[in-house]
Amino acid sequence: MAVESSVLLEWYSDTARDLPWRREGVSAWQILMSEIMLQQTPVVRVAPIWEEWVQRWPVPSAMAASSQAEVLRAWGKLGYPRRALRLHECAGVLAAEHGDVVPEDVDILLSLPGIGSYTARAVACFAYGQRVPVVDTNVRRVVARAVHGNAEPGNPSNTRDLADVAALLPRTRARAATYSAALMELGALICTARTPNCENCPLPNCAWVASGKPAHTGPPKKVQKFAGTDRQVRGKLMAVLRESHRPVERAQLDIAWPNDPGQRDRALHSLLVDGLVEQTDDGLFALAGEGTA
């Protein structure tokens, strides 16, 4: 069973969200920034920061000319700040080796720092209109239900997932690129993980609905918690360093998470290992790029 392209494209034309990176005149570099930011982060949190970044760093060379610390500070509380460091590194490569232009070839995109399978194909599709399968969590869920009749997708498989979506793409390049965006939108707005809104789904046929919406039979999904985790502690420590424009003493970091010194030490060590934080010769701590300022 296929996900009918004409019906889905019509629905998308009528209901697509007005997201800033979908508007006319947005460059491939700006779309790349949005894709990096949107990984594991809601649209509502990304949009205002992306707007600021577009003004501040309209081309890769502008970001490359900034320090790692400036980029990390501008990243704010988006989470997973290693993404910001990799994007800064990627900007340097684009400026030095690609004429300040994001390539449109998937294989070349995959060779860039911090660019994985999803991001490379998303940029090729959404920035350049290429007919390539783009698979994220939302797309995998739609395909699992509408095509395979399963409540939830199985474990990710790049080969299988890409083949599934490639088989659904319309033949024409322009329709295929819009179809990819529409599949993603359907999963984000209608075919959601917890409470799918099947009554308002535009698809006339869905294998999962047709089979009576059987429950997921695999192991339950692990719910990612945040409170009390090392991720939260890392965020608290990074916040101290973002708010200071000079290296800080260890005591200032200790205050940020006083309840569990062992966990705090572990989180700080991991930030140092990841290159997000530097320690100065005199034992102070700073964001990457500011330890020797």
# chains A, B, ... in the order shown; residues from 1 in each chain; ligands from 1

$ residues_around --residues "Val3 in chain A" --least-positions-apart "3" --cutoff "9 Å" --atoms "only C-alpha atoms" --output "PyMOL selection string"
chain A and resi 7-8+142-143+146-147+168+183+203-206

$ write_last_selection --atoms "N, CA and C atoms" --output "short mmCIF file (atom, residue, chain, number, x, y, z; two decimals), in the first residue's frame"
data_model
loop_
_atom_site.label_atom_id
_atom_site.label_comp_id
_atom_site.auth_asym_id
_atom_site.auth_seq_id
_atom_site.Cartn_x
_atom_site.Cartn_y
_atom_site.Cartn_z
N VAL A 7 -2.95 13.11 -2.95
CA VAL A 7 -3.73 13.47 -1.76
C VAL A 7 -2.84 14.14 -0.72
N LEU A 8 -1.67 13.57 -0.50
CA LEU A 8 -0.77 14.11 0.52
C LEU A 8 -0.26 15.49 0.11
N VAL A 142 5.12 7.25 9.97
CA VAL A 142 4.07 7.25 8.95
C VAL A 142 4.18 6.02 8.06
N VAL A 143 5.38 5.69 7.63
CA VAL A 143 5.57 4.53 6.77
C VAL A 143 5.23 3.24 7.51
N ALA A 146 1.11 3.46 7.75
CA ALA A 146 0.36 3.50 6.49
C ALA A 146 0.73 2.38 5.54
N VAL A 147 2.01 2.02 5.50
CA VAL A 147 2.49 1.03 4.54
C VAL A 147 2.55 -0.38 5.14
N LEU A 168 8.22 5.31 -2.40
CA LEU A 168 7.01 6.12 -2.33
C LEU A 168 7.12 7.43 -3.10
N LEU A 183 5.40 14.26 3.93
CA LEU A 183 5.47 13.07 4.78
C LEU A 183 5.90 13.44 6.19
N LEU A 203 -4.91 10.71 4.34
CA LEU A 203 -4.69 9.49 3.55
C LEU A 203 -5.97 8.66 3.48
N PRO A 204 -6.41 8.29 2.28
CA PRO A 204 -7.62 7.48 2.17
C PRO A 204 -7.41 6.04 2.59
N ASN A 205 -6.17 5.60 2.60
CA ASN A 205 -5.86 4.22 2.98
C ASN A 205 -4.68 4.19 3.93
N CYS A 206 -4.80 3.40 4.98
CA CYS A 206 -3.73 3.20 5.95
C CYS A 206 -3.78 1.76 6.41
#

$ select_by_dssp --residues "range 30-246 of chain A" --states "alpha helix (DSSP H)" --output "PyMOL selection string"
chain A and resi 30-38+43-56+60-64+68-75+82-97+106-110+117-126+137-146+158-168+173-189+207-210+230-243

$ atom_distance --atom1 "CA of Val93 in chain A" --atom2 "CA of Ser270 in chain A"
25.9 Å

$ closest_residue --among "A:Ala182, A:Ala207, A:Ala174, A:Cys198" --to "Asp14 in chain A" --atoms "only C-alpha atoms"
A:Ala182

$ atom_distance --atom1 "CA of Glu290 in chain A" --atom2 "CA of Ala69 in chain A"
6.4 Å

$ closest_residue --among "A:Ile49, A:Leu237, A:Ala95, A:Leu287" --to "Arg264 in chain A" --atoms "only C-alpha atoms"
A:Leu237
